[in-house]
file structure02.txt (compact mmCIF, C-alpha atoms)
# COMPACT_ATOMS: atom_id res chain seq x y z
CA MET F 22 26.81 77.72 50.82
CA SER F 23 27.46 76.14 47.49
CA SER F 24 27.26 77.29 43.93
CA SER F 25 25.16 75.47 41.38
CA THR F 26 28.19 73.61 40.01
CA HIS F 27 28.61 71.71 43.22
CA ASP F 28 25.07 71.15 44.31
CA HIS F 29 25.40 67.43 43.66
CA ASP F 30 27.87 67.44 46.53
CA HIS F 31 26.50 69.78 49.12
CA GLY F 32 23.30 71.29 47.81
CA HIS F 33 20.98 69.12 49.84
CA ASP F 34 21.86 68.06 53.30
CA ASP F 35 20.40 64.60 53.58
CA GLY F 36 23.77 63.06 54.44
CA ALA F 37 23.62 60.61 51.56
CA VAL F 38 26.55 59.92 49.25
CA HIS F 39 26.26 61.91 46.02
CA ALA F 40 29.65 61.21 44.47
CA HIS F 41 30.35 62.39 40.95
CA ILE F 42 29.46 59.71 38.42
CA SER F 43 32.02 59.60 35.62
CA ASP F 44 30.95 59.39 32.00
CA THR F 45 32.00 56.07 30.46
CA LYS F 46 33.02 57.65 27.15
CA PHE F 47 35.12 60.21 29.01
CA MET F 48 36.89 57.39 30.89
CA LEU F 49 37.59 55.67 27.56
CA GLY F 50 39.03 58.96 26.34
CA ILE F 51 41.39 59.13 29.34
CA PHE F 52 42.43 55.53 28.68
CA SER F 53 43.17 56.37 25.02
CA ALA F 54 45.28 59.32 26.14
CA LEU F 55 47.23 57.00 28.48
CA ILE F 56 47.90 54.57 25.61
CA VAL F 57 49.02 57.40 23.30
CA LEU F 58 51.39 58.68 26.01
CA THR F 59 52.77 55.13 26.47
CA VAL F 60 53.47 54.92 22.73
CA ILE F 61 55.15 58.35 22.86
CA THR F 62 57.39 57.42 25.78
CA VAL F 63 58.45 54.16 24.07
CA ALA F 64 59.07 55.94 20.76
CA VAL F 65 61.16 58.71 22.35
CA SER F 66 63.24 56.17 24.27
CA ARG F 67 64.28 54.53 20.97
CA VAL F 68 65.98 57.78 19.95
CA ASP F 69 69.19 58.67 21.76
CA LEU F 70 68.75 62.12 23.28
CA GLY F 71 71.38 61.70 25.97
CA ALA F 72 70.31 62.98 29.38
CA ALA F 73 67.03 64.28 27.91
CA ASN F 74 65.80 60.69 27.59
CA SER F 75 65.38 60.38 31.34
CA PHE F 76 63.74 63.78 31.56
CA VAL F 77 61.19 62.93 28.86
CA ALA F 78 60.48 59.54 30.47
CA ILE F 79 59.79 61.08 33.90
CA PHE F 80 57.80 63.95 32.40
CA VAL F 81 55.51 61.68 30.36
CA ALA F 82 55.13 59.28 33.31
CA THR F 83 54.08 62.21 35.50
CA ILE F 84 51.42 63.29 32.98
CA LYS F 85 50.12 59.70 32.91
CA ALA F 86 50.12 59.45 36.71
CA SER F 87 48.27 62.78 36.94
CA LEU F 88 45.59 61.56 34.53
CA VAL F 89 45.09 58.37 36.55
CA ALA F 90 44.96 60.22 39.88
CA THR F 91 42.73 63.04 38.63
CA PHE F 92 40.12 61.04 36.76
CA PHE F 93 40.37 57.31 37.53
CA MET F 94 40.97 58.01 41.23
CA HIS F 95 38.38 60.82 41.22
CA LEU F 96 40.60 63.49 42.77
CA ARG F 97 38.98 65.98 40.38
CA HIS F 98 35.66 65.66 42.19
CA ASP F 99 36.98 64.74 45.63
CA LYS F 100 37.57 66.89 48.66
CA PRO F 101 40.73 68.96 47.96
CA PHE F 102 42.31 67.64 51.16
CA ASN F 103 42.74 64.19 49.55
CA SER F 104 44.75 65.86 46.78
CA VAL F 105 46.83 67.66 49.39
CA ILE F 106 47.69 64.31 51.01
CA PHE F 107 48.57 62.76 47.66
CA VAL F 108 50.75 65.64 46.51
CA SER F 109 52.42 65.92 49.92
CA ALA F 110 53.69 62.34 49.53
CA PHE F 111 55.65 63.49 46.47
CA VAL F 112 56.86 66.61 48.27
CA PHE F 113 58.31 64.49 51.07
CA LEU F 114 59.73 62.07 48.51
CA GLY F 115 61.50 65.09 47.01
CA VAL F 116 62.93 66.03 50.42
CA PHE F 117 64.08 62.42 50.87
CA LEU F 118 65.75 62.40 47.44
CA VAL F 119 67.43 65.80 47.66
CA TYR F 120 68.93 65.26 51.12
CA THR F 121 70.09 61.74 50.25
CA LEU F 122 71.71 62.93 47.01
CA ASN F 123 73.40 65.74 48.92
CA ASP F 124 74.78 63.21 51.40
CA VAL F 125 75.95 60.71 48.80
CA ASP F 126 77.54 63.33 46.59
CA THR F 127 79.93 64.28 49.39
CA ARG F 128 81.18 60.75 50.00
CA GLY F 129 83.95 60.43 47.45
CA ALA F 130 84.03 58.59 44.15
CA ILE F 131 83.93 54.93 43.29
CA ASP F 132 87.36 53.43 42.68
CA ARG F 133 86.52 51.10 39.81
CA SER F 134 89.57 48.87 40.22
CA ASN F 135 88.44 47.45 43.55
CA GLY F 136 84.88 48.71 43.91
CA THR F 137 85.44 50.82 47.00
CA ARG F 138 84.81 54.51 47.56
CA ILE F 139 87.77 56.80 47.88
CA TYR F 140 88.44 60.47 48.31
CA GLU F 141 89.93 61.41 44.99
CA ARG F 142 92.43 63.89 46.49
CA SER F 143 93.90 61.75 49.26
CA GLY F 144 93.21 58.28 47.88
CA GLU F 145 91.84 57.28 51.30
CA VAL F 146 88.82 55.05 51.67
CA ALA F 147 85.80 57.30 52.10
CA PRO F 148 83.30 56.71 54.89
CA GLY F 149 79.95 55.32 53.89
CA GLY F 150 81.34 53.01 51.25
CA PHE F 151 82.20 49.41 51.86
CA THR F 152 85.81 48.56 52.58
CA PRO F 153 87.90 46.05 50.62
CA ARG F 154 87.71 42.42 51.73
CA GLY F 155 90.39 41.35 54.21
CA ASP F 156 91.13 44.93 55.14
CA MET F 157 88.21 45.69 57.43
CA GLY F 158 88.34 49.04 59.07
CA HIS F 159 91.13 50.57 57.03
CA GLY F 160 90.67 54.29 56.78
CA ALA F 161 87.35 54.19 58.58
CA ALA F 162 86.70 55.96 61.84
CA GLY F 163 86.13 52.62 63.57
CA ALA F 164 89.79 51.66 63.12
CA HIS F 165 90.86 54.08 65.85
CA ALA F 166 88.51 52.55 68.38
CA ALA F 167 89.54 48.97 67.55
CA PRO F 168 92.03 47.18 69.84
CA ALA F 169 95.61 46.62 68.74
CA GLY F 170 94.75 43.38 67.01
CA GLY F 171 92.01 45.02 65.00
CA HIS F 172 93.19 43.51 61.73
CA GLU F 173 92.46 39.94 62.78
CA ALA F 174 89.57 38.07 61.24
CA PRO F 175 86.20 39.69 62.03
CA ALA F 176 84.45 38.31 65.12
CA HIS F 177 81.50 37.00 63.14
CA MET E 9 14.61 60.31 58.01
CA SER E 10 13.64 61.29 61.52
CA THR E 11 10.91 58.75 62.04
CA VAL E 12 11.63 56.22 64.75
CA THR E 13 11.70 52.67 63.47
CA PRO E 14 11.81 50.26 66.38
CA SER E 15 13.04 47.42 64.16
CA THR E 16 16.32 49.21 63.43
CA GLU E 17 19.23 47.88 65.40
CA HIS E 18 20.83 51.20 66.25
CA ALA E 19 17.69 53.20 66.81
CA PRO E 20 18.14 53.79 70.58
CA GLU E 21 21.70 55.19 70.32
CA GLY E 22 21.06 56.89 67.02
CA GLY E 23 18.77 59.47 68.54
CA GLY E 24 15.78 58.14 66.72
CA HIS E 25 17.38 58.03 63.24
CA ALA E 26 16.86 55.00 61.11
CA HIS E 27 20.25 53.59 60.16
CA PRO E 28 20.93 51.56 57.08
CA LYS E 29 22.66 48.38 58.27
CA TRP E 30 25.92 49.30 56.47
CA LEU E 31 26.19 52.62 58.31
CA GLN E 32 28.38 52.13 61.35
CA HIS E 33 27.15 53.78 64.51
CA HIS E 34 30.14 56.09 64.92
CA PHE E 35 29.35 57.93 61.69
CA ASP E 36 26.66 60.59 61.54
CA THR E 37 25.69 60.12 57.92
CA PRO E 38 26.53 57.89 54.94
CA VAL E 39 28.54 60.69 53.34
CA HIS E 40 30.52 61.07 56.58
CA GLN E 41 31.39 57.35 56.47
CA PHE E 42 32.25 57.46 52.76
CA GLU E 43 34.52 60.51 53.03
CA THR E 44 36.26 59.07 56.10
CA ALA E 45 37.01 55.80 54.30
CA LYS E 46 38.46 57.68 51.34
CA LEU E 47 40.56 59.95 53.55
CA GLY E 48 42.03 56.89 55.25
CA MET E 49 42.78 55.30 51.89
CA TRP E 50 44.54 58.41 50.60
CA ILE E 51 46.73 58.55 53.70
CA PHE E 52 47.57 54.88 53.14
CA ILE E 53 48.38 55.62 49.49
CA ALA E 54 50.75 58.38 50.65
CA THR E 55 52.61 55.87 52.85
CA GLU E 56 52.79 53.43 49.93
CA ILE E 57 54.32 56.13 47.72
CA LEU E 58 56.94 56.76 50.39
CA MET E 59 57.69 53.04 50.69
CA PHE E 60 58.27 52.70 46.95
CA GLY E 61 60.01 56.07 47.17
CA GLY E 62 62.88 54.49 49.08
CA LEU E 63 63.54 52.19 46.15
CA PHE E 64 63.23 55.03 43.64
CA VAL E 65 65.75 57.09 45.61
CA ALA E 66 68.15 54.11 45.71
CA TYR E 67 67.67 53.63 41.98
CA THR E 68 68.41 57.31 41.27
CA ILE E 69 71.61 57.24 43.32
CA PHE E 70 73.01 53.96 42.00
CA ARG E 71 72.16 54.93 38.44
CA GLY E 72 73.82 58.32 38.88
CA GLN E 73 76.99 56.60 40.04
CA GLU E 74 77.17 54.00 37.30
CA MET E 75 75.35 55.37 34.29
CA GLU E 76 77.08 53.24 31.66
CA MET E 77 76.54 50.03 33.61
CA PHE E 78 72.84 50.78 34.16
CA HIS E 79 72.41 51.62 30.50
CA ALA E 80 74.11 48.41 29.37
CA ALA E 81 72.25 46.27 31.91
CA HIS E 82 68.78 47.66 31.14
CA GLN E 83 69.14 46.44 27.57
CA GLN E 84 68.84 42.92 28.96
CA LEU E 85 65.23 43.66 29.92
CA ASN E 86 62.52 42.88 27.40
CA TRP E 87 60.89 46.29 26.82
CA LYS E 88 58.22 44.75 24.60
CA MET E 89 56.99 42.60 27.48
CA GLY E 90 57.16 45.66 29.73
CA ALA E 91 55.13 47.69 27.22
CA VAL E 92 52.47 44.97 26.93
CA ASN E 93 52.27 44.83 30.72
CA THR E 94 51.88 48.62 30.81
CA ILE E 95 48.90 48.44 28.47
CA VAL E 96 47.41 45.54 30.46
CA LEU E 97 47.66 47.53 33.70
CA LEU E 98 46.32 50.76 32.19
CA PHE E 99 43.37 48.82 30.83
CA SER E 100 42.77 47.18 34.21
CA SER E 101 42.77 50.64 35.77
CA LEU E 102 40.08 51.70 33.30
CA THR E 103 37.93 48.67 34.13
CA ALA E 104 38.43 49.26 37.86
CA ALA E 105 37.21 52.84 37.42
CA LEU E 106 34.24 51.59 35.38
CA ALA E 107 33.43 49.02 38.09
CA VAL E 108 33.10 51.92 40.54
CA ARG E 109 30.94 53.81 38.06
CA GLN E 110 28.57 50.88 37.61
CA ALA E 111 28.36 50.46 41.39
CA GLN E 112 27.44 54.14 41.68
CA VAL E 113 24.52 53.75 39.30
CA GLY E 114 23.42 50.54 41.02
CA ASP E 115 24.36 48.18 38.16
CA ARG E 116 25.48 45.13 40.14
CA LYS E 117 26.09 42.92 37.12
CA GLY E 118 28.15 45.62 35.44
CA THR E 119 30.30 45.97 38.55
CA THR E 120 30.85 42.20 38.63
CA ARG E 121 31.79 42.17 34.96
CA TYR E 122 34.33 44.97 35.29
CA ILE E 123 35.92 43.57 38.45
CA VAL E 124 36.32 40.18 36.76
CA ILE E 125 38.01 41.84 33.75
CA THR E 126 40.30 43.75 36.14
CA LEU E 127 41.23 40.50 37.89
CA LEU E 128 41.94 38.78 34.56
CA CYS E 129 44.23 41.66 33.58
CA ALA E 130 46.04 41.32 36.90
CA LEU E 131 46.52 37.63 36.21
CA ALA E 132 47.78 38.35 32.68
CA PHE E 133 50.26 40.84 34.14
CA LEU E 134 51.63 38.23 36.54
CA VAL E 135 51.88 35.57 33.82
CA ILE E 136 53.91 37.93 31.61
CA LYS E 137 56.03 38.83 34.63
CA TYR E 138 56.62 35.13 35.27
CA PHE E 139 58.03 34.65 31.78
CA GLU E 140 60.27 37.68 32.22
CA TYR E 141 61.59 36.45 35.56
CA ALA E 142 62.10 32.91 34.22
CA ALA E 143 64.23 34.25 31.36
CA LYS E 144 66.28 36.34 33.80
CA LEU E 145 66.94 33.35 36.07
CA GLU E 146 67.93 31.22 33.11
CA HIS E 147 70.37 33.84 31.80
CA GLY E 148 71.95 34.08 35.24
CA THR E 149 71.12 37.71 35.94
CA LEU E 150 69.84 37.03 39.43
CA PRO E 151 71.84 39.38 41.69
CA GLY E 152 74.28 38.14 44.29
CA ARG E 153 77.08 35.60 44.35
CA CYS E 154 75.35 33.48 41.68
CA PHE E 155 75.25 36.39 39.22
CA GLY E 156 76.36 35.07 35.85
CA HIS E 157 75.49 31.48 36.75
CA PRO E 158 72.23 29.93 35.60
CA TRP E 159 69.87 29.77 38.56
CA PHE E 160 69.41 26.24 39.97
CA ALA E 161 72.80 25.23 38.61
CA ASP E 162 74.24 22.60 40.94
CA HIS E 163 77.27 24.59 42.02
CA CYS E 164 75.07 27.53 43.02
CA ILE E 165 72.50 25.69 45.11
CA GLY E 166 74.84 24.16 47.66
CA GLY E 167 75.84 27.49 49.15
CA GLY E 168 79.52 26.84 48.46
CA ALA E 169 81.67 29.82 49.34
CA ALA E 170 83.76 29.18 46.23
CA VAL E 171 81.07 30.52 43.89
CA GLN E 172 82.01 33.91 42.51
CA PRO E 173 79.85 36.15 40.34
CA LEU E 174 80.69 35.99 36.65
CA PRO E 175 80.33 38.54 33.85
CA VAL E 176 77.22 37.84 31.79
CA HIS E 177 76.09 39.18 28.39
CA GLY E 178 79.16 41.40 28.29
CA LEU E 179 78.15 43.00 31.62
CA THR E 180 80.59 43.26 34.49
CA THR E 181 79.67 41.64 37.79
CA ARG E 182 78.76 45.11 39.09
CA ALA E 183 75.66 44.89 36.89
CA SER E 184 74.37 42.67 39.68
CA MET E 185 73.40 46.01 41.25
CA PHE E 186 71.04 46.89 38.41
CA PHE E 187 69.30 43.54 38.64
CA ALA E 188 69.03 43.88 42.41
CA MET E 189 67.10 47.12 41.82
CA TYR E 190 65.06 45.51 39.04
CA PHE E 191 64.01 42.53 41.14
CA MET E 192 63.33 44.57 44.28
CA MET E 193 61.22 47.20 42.50
CA THR E 194 59.25 44.87 40.23
CA GLY E 195 59.06 42.29 43.03
CA LEU E 196 57.55 44.71 45.54
CA HIS E 197 55.21 45.89 42.80
CA GLY E 198 54.32 42.27 42.02
CA VAL E 199 53.42 41.70 45.68
CA HIS E 200 51.12 44.71 45.40
CA VAL E 201 49.49 43.15 42.34
CA LEU E 202 48.84 39.99 44.38
CA VAL E 203 47.44 41.97 47.32
CA GLY E 204 45.32 44.01 44.90
CA MET E 205 43.92 40.80 43.44
CA GLY E 206 43.00 39.70 46.96
CA ILE E 207 41.24 43.00 47.67
CA LEU E 208 39.38 42.94 44.34
CA THR E 209 38.30 39.33 44.96
CA TRP E 210 36.93 40.39 48.35
CA VAL E 211 35.07 43.30 46.70
CA LEU E 212 33.75 40.91 44.03
CA MET E 213 32.43 38.47 46.66
CA ARG E 214 30.69 41.26 48.54
CA ASN E 215 29.22 42.56 45.29
CA LEU E 216 27.90 39.10 44.40
CA ARG E 217 26.44 38.87 47.91
CA GLY E 218 24.54 42.08 47.21
CA ASP E 219 26.24 44.29 49.80
CA PHE E 220 26.46 47.31 47.52
CA SER E 221 23.94 49.79 46.22
CA LYS E 222 23.77 53.32 44.83
CA GLU E 223 23.85 54.51 48.44
CA TYR E 224 26.72 52.32 49.64
CA PHE E 225 29.69 51.31 47.46
CA THR E 226 32.62 52.38 49.67
CA ALA E 227 34.55 49.11 49.37
CA VAL E 228 34.35 49.21 45.56
CA GLU E 229 35.68 52.77 45.53
CA VAL E 230 38.47 52.13 48.03
CA GLY E 231 39.46 48.79 46.46
CA ALA E 232 39.68 50.51 43.08
CA LEU E 233 41.86 53.24 44.61
CA TYR E 234 44.34 50.55 45.71
CA TRP E 235 44.34 49.08 42.23
CA HIS E 236 45.01 52.48 40.66
CA LEU E 237 47.99 52.85 43.00
CA VAL E 238 49.43 49.60 41.59
CA ASP E 239 49.00 51.14 38.14
CA LEU E 240 50.60 54.44 39.23
CA VAL E 241 53.76 52.71 40.47
CA TRP E 242 54.11 50.75 37.23
CA ILE E 243 53.70 53.97 35.20
CA TYR E 244 57.06 55.04 36.68
CA LEU E 245 58.73 51.62 36.83
CA PHE E 246 58.25 50.87 33.14
CA PRO E 247 60.14 53.83 31.62
CA LEU E 248 62.80 53.94 34.35
CA LEU E 249 63.74 50.26 34.20
CA TYR E 250 62.86 49.15 30.67
CA LEU E 251 63.26 52.27 28.55
CA VAL E 252 65.98 54.58 29.82
CA GLY E 253 67.77 52.34 32.33
call {"tool": "encode", "arguments": {"input": "structure02.txt", "output": "structure tokens"}}
result
Amino acid sequence: MSSSTHDHDHGHDDGAVHAHISDTKFMLGIFSALIVLTVITVAVSRVDLGAANSFVAIFVATIKASLVATFFMHLRHDKPFNSVIFVSAFVFLGVFLVYTLNDVDTRGAIDRSNGTRIYERSGEVAPGGFTPRGDMGHGAAGAHAAPAGGHEAPAH
Amino acid sequence: MSTVTPSTEHAPEGGGHAHPKWLQHHFDTPVHQFETAKLGMWIFIATEILMFGGLFVAYTIFRGQEMEMFHAAHQQLNWKMGAVNTIVLLFSSLTAALAVRQAQVGDRKGTTRYIVITLLCALAFLVIKYFEYAAKLEHGTLPGRCFGHPWFADHCIGGGAAVQPLPVHGLTTRASMFFAMYFMMTGLHGVHVLVGMGILTWVLMRNLRGDFSKEYFTAVEVGALYWHLVDLVWIYLFPLLYLVG
């Protein structure tokens, strides 16, 4: 069932663990690559590239993380399903990020003078942001449900 | 393999197979047990990524909203200390991987040596982190109502409502947000370093006790996987917090 390249894994069916044994020099090589990439990411961050700085930082970090996962964490010689689990975590993190950004981006802008969120067109306080102190409920949906004296001091 | 050994504890249930004492009875073979342990660890690692992911998503959103503030505030962090800590953690990841390798070839002393080096690196990381945190507290960049006040200053300890955040180092009080992200992300990571040290100490004790062999080194492998996760998270934290802000 297996080719010669994998016979250390499945070639003989004695049920014993025959995990791939990494070469020490190879591991040192991976470590050197990680150090070089760290130096690169620090060096690039000292130069102002605008928005590209963040891109380079994430890109280099992802290469480093891949090296660690592939070789130090043995995904290279592991069952592929472990890699599927690992990568799926990042896929779901992406879903989390994209939907949250989509939500936040439709919530109005920060009004820097008082730190609240407002709709730029109407000037109303946008939902999802915190309201100014001493003016609880203004512009928020909850204000309609509050009793007539809703502007008194909060119950707590 | 199929000879019946009456002295073996699990022989009756095991259908006549001799079981090594480290093979639990609900696994067919050592490789079955080993692969199951690793699968469980990878699923746990996925949940850890998602837990840290929440903080990374928060960081992305807050930074996107207040780019200039984040950029100004990140310059208060000591990137040289962060870079040294990066190298310390990468090196500890190497030694953790080598500890597994030595366990695989049955070199017990080598495994002990590499785990001890990994633990020393972890300790060095926390010591450097301590100096970073101490400087932050002294400069008053702890987030919250005491932002801008030196930590442990009398007027901040009492919990007086009169305390208001102050600008610090030319940063507005909104920079409190950046430091909230900084302390939460590095703090949660620091807790993982502590937990990792606990796991590695447990692996070290078992190794000294002689639990592991070429045939059975699951705890070394899985403990090292946890340690690599700690390294993975820092690989992203360092550039995002210290370098680009």
call {"tool": "residues_around", "arguments": {"input": "structure02.txt", "residues": "range 132-137 of chain E", "least_positions_apart": "6", "cutoff": "7 Å", "atoms": "all atoms listed in the file", "output": "list in words"}}
result
Met89, Asn93 and Val96 of chain E
call {"tool": "write_last_selection", "arguments": {"input": "structure02.txt", "atoms": "C-alpha atoms", "output": "PDB file, keeping the file's coordinate frame"}}
result
ATOM      1  CA  MET E  89      56.990  42.600  27.480  1.00  0.00           C
ATOM      2  CA  ASN E  93      52.270  44.830  30.720  1.00  0.00           C
ATOM      3  CA  VAL E  96      47.410  45.540  30.460  1.00  0.00           C
TER       4      VAL E  96
END
call {"tool": "residues_around", "arguments": {"input": "structure02.txt", "residues": "range 117-125 of chain F", "least_positions_apart": "6", "cutoff": "10 Å", "atoms": "all atoms listed in the file", "output": "list in words"}}
result
Phe111, Gly149 and Gly150 of chain F; Leu58, Gly61, Gly62, Phe64, Val65, Ala66, Thr68, Ile69, Gly72 and Gln73 of chain E
call {"tool": "write_last_selection", "arguments": {"input": "structure02.txt", "atoms": "C-alpha atoms", "output": "PDB file, in the coordinates of the input"}}
result
ATOM      1  CA  PHE F 111      55.650  63.490  46.470  1.00  0.00           C
ATOM      2  CA  GLY F 149      79.950  55.320  53.890  1.00  0.00           C
ATOM      3  CA  GLY F 150      81.340  53.010  51.250  1.00  0.00           C
TER       4      GLY F 150
ATOM      5  CA  LEU E  58      56.940  56.760  50.390  1.00  0.00           C
ATOM      6  CA  GLY E  61      60.010  56.070  47.170  1.00  0.00           C
ATOM      7  CA  GLY E  62      62.880  54.490  49.080  1.00  0.00           C
ATOM      8  CA  PHE E  64      63.230  55.030  43.640  1.00  0.00           C
ATOM      9  CA  VAL E  65      65.750  57.090  45.610  1.00  0.00           C
ATOM     10  CA  ALA E  66      68.150  54.110  45.710  1.00  0.00           C
ATOM     11  CA  THR E  68      68.410  57.310  41.270  1.00  0.00           C
ATOM     12  CA  ILE E  69      71.610  57.240  43.320  1.00  0.00           C
ATOM     13  CA  GLY E  72      73.820  58.320  38.880  1.00  0.00           C
ATOM     14  CA  GLN E  73      76.990  56.600  40.040  1.00  0.00           C
TER      15      GLN E  73
END
call {"tool": "closest_atom_pairs", "arguments": {"input": "structure02.txt", "of": "chain F", "to": "chain E", "cutoff": "8 Å", "atoms": "all atoms listed in the file", "output": "JSON lines"}}
result
{"residue": "F:Gly36", "atom": "CA", "partner": "E:Thr37", "partner_atom": "CA", "distance": 4.9}
{"residue": "F:Ala37", "atom": "CA", "partner": "E:Pro38", "partner_atom": "CA", "distance": 5.2}
{"residue": "F:Val38", "atom": "CA", "partner": "E:Val39", "partner_atom": "CA", "distance": 4.6}
{"residue": "F:His39", "atom": "CA", "partner": "E:Val39", "partner_atom": "CA", "distance": 7.8}
{"residue": "F:Ala40", "atom": "CA", "partner": "E:Gln112", "partner_atom": "CA", "distance": 7.9}
{"residue": "F:Ile42", "atom": "CA", "partner": "E:Arg109", "partner_atom": "CA", "distance": 6.1}
{"residue": "F:Ser43", "atom": "CA", "partner": "E:Arg109", "partner_atom": "CA", "distance": 6.4}
{"residue": "F:Thr45", "atom": "CA", "partner": "E:Leu106", "partner_atom": "CA", "distance": 7.0}
{"residue": "F:Met48", "atom": "CA", "partner": "E:Leu102", "partner_atom": "CA", "distance": 7.0}
{"residue": "F:Leu49", "atom": "CA", "partner": "E:Leu102", "partner_atom": "CA", "distance": 7.4}
{"residue": "F:Phe52", "atom": "CA", "partner": "E:Leu102", "partner_atom": "CA", "distance": 6.4}
{"residue": "F:Leu55", "atom": "CA", "partner": "E:Leu98", "partner_atom": "CA", "distance": 7.3}
{"residue": "F:Ile56", "atom": "CA", "partner": "E:Ile95", "partner_atom": "CA", "distance": 6.8}
{"residue": "F:Thr59", "atom": "CA", "partner": "E:Ala91", "partner_atom": "CA", "distance": 7.8}
{"residue": "F:Thr62", "atom": "CA", "partner": "E:Pro247", "partner_atom": "CA", "distance": 7.4}
{"residue": "F:Val63", "atom": "CA", "partner": "E:Leu251", "partner_atom": "CA", "distance": 6.8}
{"residue": "F:Ser66", "atom": "CA", "partner": "E:Leu251", "partner_atom": "CA", "distance": 5.8}
{"residue": "F:Arg67", "atom": "CA", "partner": "E:Leu251", "partner_atom": "CA", "distance": 8.0}
{"residue": "F:Asn74", "atom": "CA", "partner": "E:Val252", "partner_atom": "CA", "distance": 6.5}
{"residue": "F:Ser75", "atom": "CA", "partner": "E:Val252", "partner_atom": "CA", "distance": 6.0}
{"residue": "F:Ala78", "atom": "CA", "partner": "E:Pro247", "partner_atom": "CA", "distance": 5.8}
{"residue": "F:Ile79", "atom": "CA", "partner": "E:Tyr244", "partner_atom": "CA", "distance": 7.2}
{"residue": "F:Ala82", "atom": "CA", "partner": "E:Tyr244", "partner_atom": "CA", "distance": 5.7}
{"residue": "F:Thr83", "atom": "CA", "partner": "E:Tyr244", "partner_atom": "CA", "distance": 7.9}
{"residue": "F:Lys85", "atom": "CA", "partner": "E:Ile243", "partner_atom": "CA", "distance": 7.1}
{"residue": "F:Ala86", "atom": "CA", "partner": "E:Leu240", "partner_atom": "CA", "distance": 5.6}
{"residue": "F:Val89", "atom": "CA", "partner": "E:His236", "partner_atom": "CA", "distance": 7.2}
{"residue": "F:Ala90", "atom": "CA", "partner": "E:His236", "partner_atom": "CA", "distance": 7.8}
{"residue": "F:Phe93", "atom": "CA", "partner": "E:Ala105", "partner_atom": "CA", "distance": 5.5}
{"residue": "F:Met94", "atom": "CA", "partner": "E:Leu233", "partner_atom": "CA", "distance": 5.9}
{"residue": "F:Asn103", "atom": "CA", "partner": "E:Trp50", "partner_atom": "CA", "distance": 6.1}
{"residue": "F:Ile106", "atom": "CA", "partner": "E:Ile51", "partner_atom": "CA", "distance": 6.4}
{"residue": "F:Phe107", "atom": "CA", "partner": "E:Ala54", "partner_atom": "CA", "distance": 5.7}
{"residue": "F:Ser109", "atom": "CA", "partner": "E:Ala54", "partner_atom": "CA", "distance": 7.8}
{"residue": "F:Ala110", "atom": "CA", "partner": "E:Ala54", "partner_atom": "CA", "distance": 5.1}
{"residue": "F:Phe111", "atom": "CA", "partner": "E:Ile57", "partner_atom": "CA", "distance": 7.6}
{"residue": "F:Phe113", "atom": "CA", "partner": "E:Leu58", "partner_atom": "CA", "distance": 7.9}
{"residue": "F:Leu114", "atom": "CA", "partner": "E:Gly61", "partner_atom": "CA", "distance": 6.2}
{"residue": "F:Phe117", "atom": "CA", "partner": "E:Val65", "partner_atom": "CA", "distance": 7.7}
{"residue": "F:Leu118", "atom": "CA", "partner": "E:Val65", "partner_atom": "CA", "distance": 5.6}
{"residue": "F:Thr121", "atom": "CA", "partner": "E:Val65", "partner_atom": "CA", "distance": 7.9}
{"residue": "F:Leu122", "atom": "CA", "partner": "E:Ile69", "partner_atom": "CA", "distance": 6.8}
{"residue": "F:Val125", "atom": "CA", "partner": "E:Ile69", "partner_atom": "CA", "distance": 7.8}
{"residue": "F:Ile131", "atom": "CA", "partner": "E:Gln73", "partner_atom": "CA", "distance": 7.8}
call {"tool": "residues_around", "arguments": {"input": "structure02.txt", "residues": "Met77 in chain E", "least_positions_apart": "5", "cutoff": "12 Å", "atoms": "only C-alpha atoms", "output": "ChimeraX atom specification"}}
result
/F:133 /E:70-72,82-84,178-187,253
call {"tool": "closest_residue", "arguments": {"input": "structure02.txt", "among": "F:Leu88, F:Ile139, F:Leu96, F:Val112", "to": "Phe47 in chain F", "atoms": "all atoms listed in the file"}}
result
F:Leu88
call {"tool": "atom_distance", "arguments": {"input": "structure02.txt", "atom1": "CA of Leu249 in chain E", "atom2": "CA of Leu85 in chain E"}}
result
8.0 Å
call {"tool": "atom_distance", "arguments": {"input": "structure02.txt", "atom1": "CA of Val68 in chain F", "atom2": "CA of Tyr67 in chain E"}}
result
22.5 Å
call {"tool": "atom_distance", "arguments": {"input": "structure02.txt", "atom1": "CA of Ala147 in chain F", "atom2": "CA of Met189 in chain E"}}
result
23.6 Å
call {"tool": "residues_around", "arguments": {"input": "structure02.txt", "residues": "range 198-215 of chain E", "least_positions_apart": "3", "cutoff": "8 Å", "atoms": "all atoms listed in the file", "output": "NGL selection string"}}
result
:E and (116 or 119-120 or 123-124 or 127 or 130 or 134 or 194-195 or 218-220 or 227-228 or 231-232 or 234-235 or 238)
